[in-house]
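Q: mmCIF, C-alpha atoms and all ligand atoms, file start14.cif:
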data_entry
#
loop_
_atom_site.label_atom_id
_atom_site.label_comp_id
_atom_site.auth_asym_id
_atom_site.auth_seq_id
_atom_site.Cartn_x
_atom_site.Cartn_y
_atom_site.Cartn_z
CA MET A 229 3.53 14.53 41.31
CA ALA A 230 1.93 17.73 42.55
CA GLU A 231 -0.08 17.79 45.78
CA ILE A 232 -2.67 20.32 46.90
CA ARG A 233 -3.17 21.68 50.41
CA ILE A 234 -6.28 23.74 51.04
CA ARG A 235 -5.29 26.28 53.67
CA ASN A 236 -8.69 26.80 55.34
CA THR A 237 -9.35 23.12 55.98
CA GLU A 238 -5.84 21.56 55.83
CA GLU A 239 -7.36 19.09 53.36
CA ARG A 240 -4.78 17.50 51.06
CA ILE A 241 -5.49 16.32 47.52
CA LYS A 242 -3.17 13.67 46.10
CA GLY A 243 -2.97 11.52 42.98
CA GLU A 244 -2.68 12.78 39.44
CA GLU A 245 -6.38 12.56 38.51
CA ASN A 246 -7.59 14.23 41.73
CA VAL A 247 -5.01 16.99 41.47
CA ARG A 248 -5.78 17.58 37.81
CA ALA A 249 -9.55 17.68 38.44
CA PHE A 250 -9.18 20.10 41.36
CA LEU A 251 -6.89 22.43 39.42
CA GLU A 252 -9.13 22.31 36.37
CA GLY A 253 -11.99 23.46 38.60
CA GLN A 254 -9.79 26.39 39.66
CA GLU A 255 -8.83 27.16 36.03
CA VAL A 256 -5.18 26.30 36.72
CA LEU A 257 -3.48 24.38 33.91
CA TYR A 258 -1.65 21.29 35.13
CA GLU A 259 0.38 18.99 32.92
CA HIS A 260 3.24 16.56 33.36
CA TRP A 261 6.56 16.14 31.57
CA ASP A 262 8.78 13.08 31.97
CA PRO A 263 11.45 14.19 34.48
CA SER A 264 13.63 11.15 33.71
CA LYS A 265 14.36 12.58 30.24
CA LEU A 266 16.93 14.80 31.93
CA SER A 267 20.35 13.43 32.86
CA GLU A 268 20.62 12.39 36.48
CA GLU A 269 23.27 15.02 37.03
CA LEU A 270 20.97 17.83 35.89
CA GLN A 271 18.07 16.45 37.93
CA ASN A 272 20.17 17.22 41.00
CA LYS A 273 22.07 20.35 40.05
CA PHE A 274 20.95 23.82 41.13
CA VAL A 275 23.87 26.00 40.09
CA LEU A 276 23.86 25.90 36.30
CA SER A 277 26.16 27.14 33.55
CA ASP A 278 24.65 28.62 30.38
CA GLU A 279 25.52 25.36 28.62
CA GLU A 280 23.64 23.32 31.22
CA LYS A 281 20.60 25.61 30.94
CA ALA A 282 20.70 25.14 27.16
CA GLU A 283 20.90 21.37 27.67
CA ILE A 284 17.76 21.41 29.83
CA LEU A 285 15.88 23.43 27.19
CA LYS A 286 17.12 21.04 24.48
CA THR A 287 16.03 18.00 26.51
CA TYR A 288 12.46 19.33 26.82
CA GLU A 289 12.39 20.93 23.36
CA ASP A 290 9.40 18.90 22.13
CA ASP A 291 7.39 19.51 25.32
CA ILE A 292 8.18 23.24 25.21
CA ASN A 293 7.28 23.58 21.54
CA ASP A 294 4.04 21.67 22.06
CA LEU A 295 2.98 23.84 25.02
CA ALA A 296 4.08 27.04 23.27
CA ALA A 297 2.14 26.16 20.11
CA ARG A 298 -1.03 25.42 22.08
CA ARG A 299 -0.87 28.45 24.33
CA GLY A 300 1.00 31.14 22.42
CA TYR A 301 4.23 31.39 24.41
CA LYS A 302 7.00 33.09 22.47
CA THR A 303 10.03 33.00 24.76
CA TRP A 304 11.31 30.71 27.48
CA ASP A 305 14.26 30.45 29.81
CA ILE A 306 15.55 28.60 32.86
CA ILE A 307 15.40 29.88 36.40
CA SER A 308 17.34 28.23 39.22
CA LEU A 309 17.20 29.06 42.91
CA SER A 310 19.11 27.54 45.81
CA ASP A 311 21.09 28.55 48.86
CA ALA A 312 23.89 29.35 46.39
CA THR A 313 21.70 32.13 44.89
CA PRO A 314 22.96 35.50 46.14
CA ASN A 315 20.40 37.16 48.47
CA LEU A 316 18.05 34.15 48.37
CA ASP A 317 16.26 35.23 51.57
CA GLU A 318 15.72 38.73 50.23
CA LEU A 319 14.46 37.33 46.93
CA LEU A 320 12.03 34.99 48.67
CA LYS A 321 10.71 37.85 50.79
CA LYS A 322 10.00 39.73 47.59
CA PHE A 323 8.31 36.68 46.04
CA GLU A 324 6.16 35.95 49.06
CA ASN A 325 3.60 38.68 48.44
CA VAL A 326 0.26 37.99 46.86
CA HIS A 327 0.18 39.53 43.37
CA THR A 328 -1.29 39.22 39.90
CA HIS A 329 0.06 39.52 36.35
CA THR A 330 -1.54 40.48 33.05
CA GLU A 331 -0.36 37.18 31.57
CA ASP A 332 -0.35 33.69 32.97
CA GLU A 333 2.63 32.43 34.96
CA VAL A 334 3.97 29.17 33.59
CA ARG A 335 6.55 27.01 35.30
CA ALA A 336 7.75 23.54 34.34
CA ILE A 337 9.80 22.12 37.20
CA THR A 338 12.88 20.18 36.03
CA ALA A 339 14.62 19.71 39.42
CA GLY A 340 13.87 20.35 43.08
CA ARG A 341 10.54 21.51 44.49
CA GLY A 342 8.46 24.65 44.91
CA ILE A 343 5.00 25.87 45.96
CA PHE A 344 2.49 28.11 44.29
CA ILE A 345 0.02 29.62 46.74
CA ILE A 346 -3.09 30.54 44.77
CA LYS A 347 -6.34 32.31 45.63
CA GLY A 348 -9.08 29.87 44.66
CA THR A 349 -12.81 30.26 44.29
CA ASP A 350 -14.69 31.68 47.31
CA ASP A 351 -15.70 28.22 48.57
CA VAL A 352 -12.05 27.04 48.57
CA GLY A 353 -9.95 30.09 49.48
CA TYR A 354 -6.18 29.97 49.25
CA PHE A 355 -4.56 26.66 48.37
CA ASP A 356 -0.95 25.47 47.97
CA VAL A 357 0.22 23.51 44.95
CA GLU A 358 3.37 21.64 45.94
CA LEU A 359 5.37 20.94 42.81
CA GLU A 360 8.20 18.59 41.96
CA ALA A 361 10.23 17.71 38.87
CA GLY A 362 7.94 16.95 35.92
CA ASP A 363 5.09 19.17 37.13
CA VAL A 364 3.97 21.90 34.73
CA ILE A 365 1.60 24.61 35.98
CA SER A 366 0.08 27.77 34.59
CA VAL A 367 -1.53 30.23 36.98
CA PRO A 368 -4.05 32.20 34.89
CA GLU A 369 -3.68 35.93 34.28
CA HIS A 370 -5.24 38.15 36.97
CA LYS A 371 -5.40 35.26 39.47
CA ALA A 372 -3.85 36.23 42.83
CA HIS A 373 -0.89 34.04 43.83
CA PHE A 374 2.70 33.88 44.95
CA PHE A 375 5.56 31.42 44.71
CA THR A 376 7.99 30.13 47.27
CA LEU A 377 10.44 27.30 47.83
CA MET A 378 9.92 24.22 49.98
CA GLU A 379 12.15 23.13 52.89
CA ASN A 380 15.01 21.98 50.68
CA ARG A 381 15.12 25.47 49.14
CA GLN A 382 16.17 24.42 45.68
CA ILE A 383 14.46 24.43 42.32
CA VAL A 384 15.10 24.59 38.58
CA ALA A 385 12.21 25.48 36.27
CA VAL A 386 11.48 26.43 32.68
CA ARG A 387 9.54 29.72 32.45
CA LEU A 388 7.47 30.48 29.36
CA PHE A 389 6.19 33.91 28.39
CA ILE A 390 3.98 35.56 25.83
CA GLU A 391 5.16 39.19 26.22
CA THR A 392 7.82 40.64 28.47
CA GLU A 393 5.33 43.23 29.83
CA GLY A 394 3.23 40.38 31.16
CA TRP A 395 5.96 39.43 33.66
CA ILE A 396 5.42 42.49 35.85
CA ALA A 397 3.94 41.64 39.24
CA HIS A 398 1.07 43.79 40.49
CA PRO A 399 0.60 43.67 44.28
CA PHE A 400 -2.77 42.30 45.34
CA ALA A 401 -3.86 43.60 48.74
CA ASP A 402 -5.99 40.90 50.35
CA ALA A 403 -7.09 41.21 53.97
CA THR A 404 -8.37 37.62 53.88
CA PHE A 405 -4.88 36.20 53.34
CA SER A 406 -2.82 35.13 56.33
CA LYS A 407 0.38 33.09 56.09
FE FE A 501 3.69 35.65 39.93
#
Turn this file's structure into structure tokens for me.

A:
Amino acid sequence: MAEIRIRNTEERIKGEENVRAFLEGQEVLYEHWDPSKLSEELQNKFVLSDEEKAEILKTYEDDINDLAARRGYKTWDIISLSDATPNLDELLKKFENVHTHTEDEVRAITAGRGIFIIKGTDDVGYFDVELEAGDVISVPEHKAHFFTLMENRQIVAVRLFIETEGWIAHPFADATFSK
């Protein structure tokens, strides 16, 4: 289950209802898929063949189709990151810059963990959403954010998109952000 950390105050928000209510107030979609649908092997595997990626998409087919129908996503794929990923450190450095997109950024975590750092309303400031398998999040278009891994440095997620042009990251220069 996702947890929130508000960076200015170190306050943590836990529990599904609290997390959902907080994220709703920040216009961030948060949903939950059943992570136990996936075979135990794939819940713990971070280097995936094309067949294994297809199996993950097949396992969550109903959830994906439901979300896509409600929100207009047209394509989806699987992303996996771990220490086995070539140039992981370089990739993370690239990720760890605050940016925006013209479409929302959707991730459904199927294995491992990850964090979205999101610029909230003025009274909240930046907050972290710590995600684990089963967590589904959509950061709205034009909302400043970035993504990184947690200590275990491994994640598998389904990404859903409306248009390929919407994927492009636009840097967001923000003097108020400090890591
Ligand atoms: Fe992004």

Q: Can you measure atom CA of Arg387 of chain A to atom CA of Val364 of chain A for me? One decimal in Å is fine.

A: 9.9 Å

Q: Which residues are near ligand FE 501 (chain A) - at most 10 Å, using all atoms listed in the file? Format: as a PyMOL selection string.

A: chain A and resi 323-334+344-346+367-375+394-399

Q: Kindly give the distance, in Å, that separates atom CA of Glu318 of chain A and atom CA of Asn236 of chain A, rounded to a single decimal.

A: 27.6 Å

Q: As a PyMOL selection string, please: the residues near Asp311 of chain A (cut-off 12 Å, only C-alpha atoms, same-chain neighbours under 6 positions excluded).

A: chain A and resi 274-275+317-320+377+379-383

Q: Please, which residues are within 9 Å of (-8.4, 26.2, 46.2) by the file's coordinates, counting only C-alpha atoms, and could they come as a list in words?

A: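 Within the cut-off we find Ile232, Arg233, Ile234, Arg235, Phe250, Leu251, Gly253, Gln254, Ile346, Lys347, Gly348, Thr349, Asp350, Asp351, Val352, Gly353, Tyr354, Phe355 and Asp356 of chain A.
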
Q: With C-alpha atoms retained, could you export that selection as a PDB file, in the coordinates of the input?

A:
ATOM      1  CA  ILE A 232      -2.670  20.320  46.900  1.00  0.00           C
ATOM      2  CA  ARG A 233      -3.170  21.680  50.410  1.00  0.00           C
ATOM      3  CA  ILE A 234      -6.280  23.740  51.040  1.00  0.00           C
ATOM      4  CA  ARG A 235      -5.290  26.280  53.670  1.00  0.00           C
ATOM      5  CA  PHE A 250      -9.180  20.100  41.360  1.00  0.00           C
ATOM      6  CA  LEU A 251      -6.890  22.430  39.420  1.00  0.00           C
ATOM      7  CA  GLY A 253     -11.990  23.460  38.600  1.00  0.00           C
ATOM      8  CA  GLN A 254      -9.790  26.390  39.660  1.00  0.00           C
ATOM      9  CA  ILE A 346      -3.090  30.540  44.770  1.00  0.00           C
ATOM     10  CA  LYS A 347      -6.340  32.310  45.630  1.00  0.00           C
ATOM     11  CA  GLY A 348      -9.080  29.870  44.660  1.00  0.00           C
ATOM     12  CA  THR A 349     -12.810  30.260  44.290  1.00  0.00           C
ATOM     13  CA  ASP A 350     -14.690  31.680  47.310  1.00  0.00           C
ATOM     14  CA  ASP A 351     -15.700  28.220  48.570  1.00  0.00           C
ATOM     15  CA  VAL A 352     -12.050  27.040  48.570  1.00  0.00           C
ATOM     16  CA  GLY A 353      -9.950  30.090  49.480  1.00  0.00           C
ATOM     17  CA  TYR A 354      -6.180  29.970  49.250  1.00  0.00           C
ATOM     18  CA  PHE A 355      -4.560  26.660  48.370  1.00  0.00           C
ATOM     19  CA  ASP A 356      -0.950  25.470  47.970  1.00  0.00           C
TER      20      ASP A 356
END
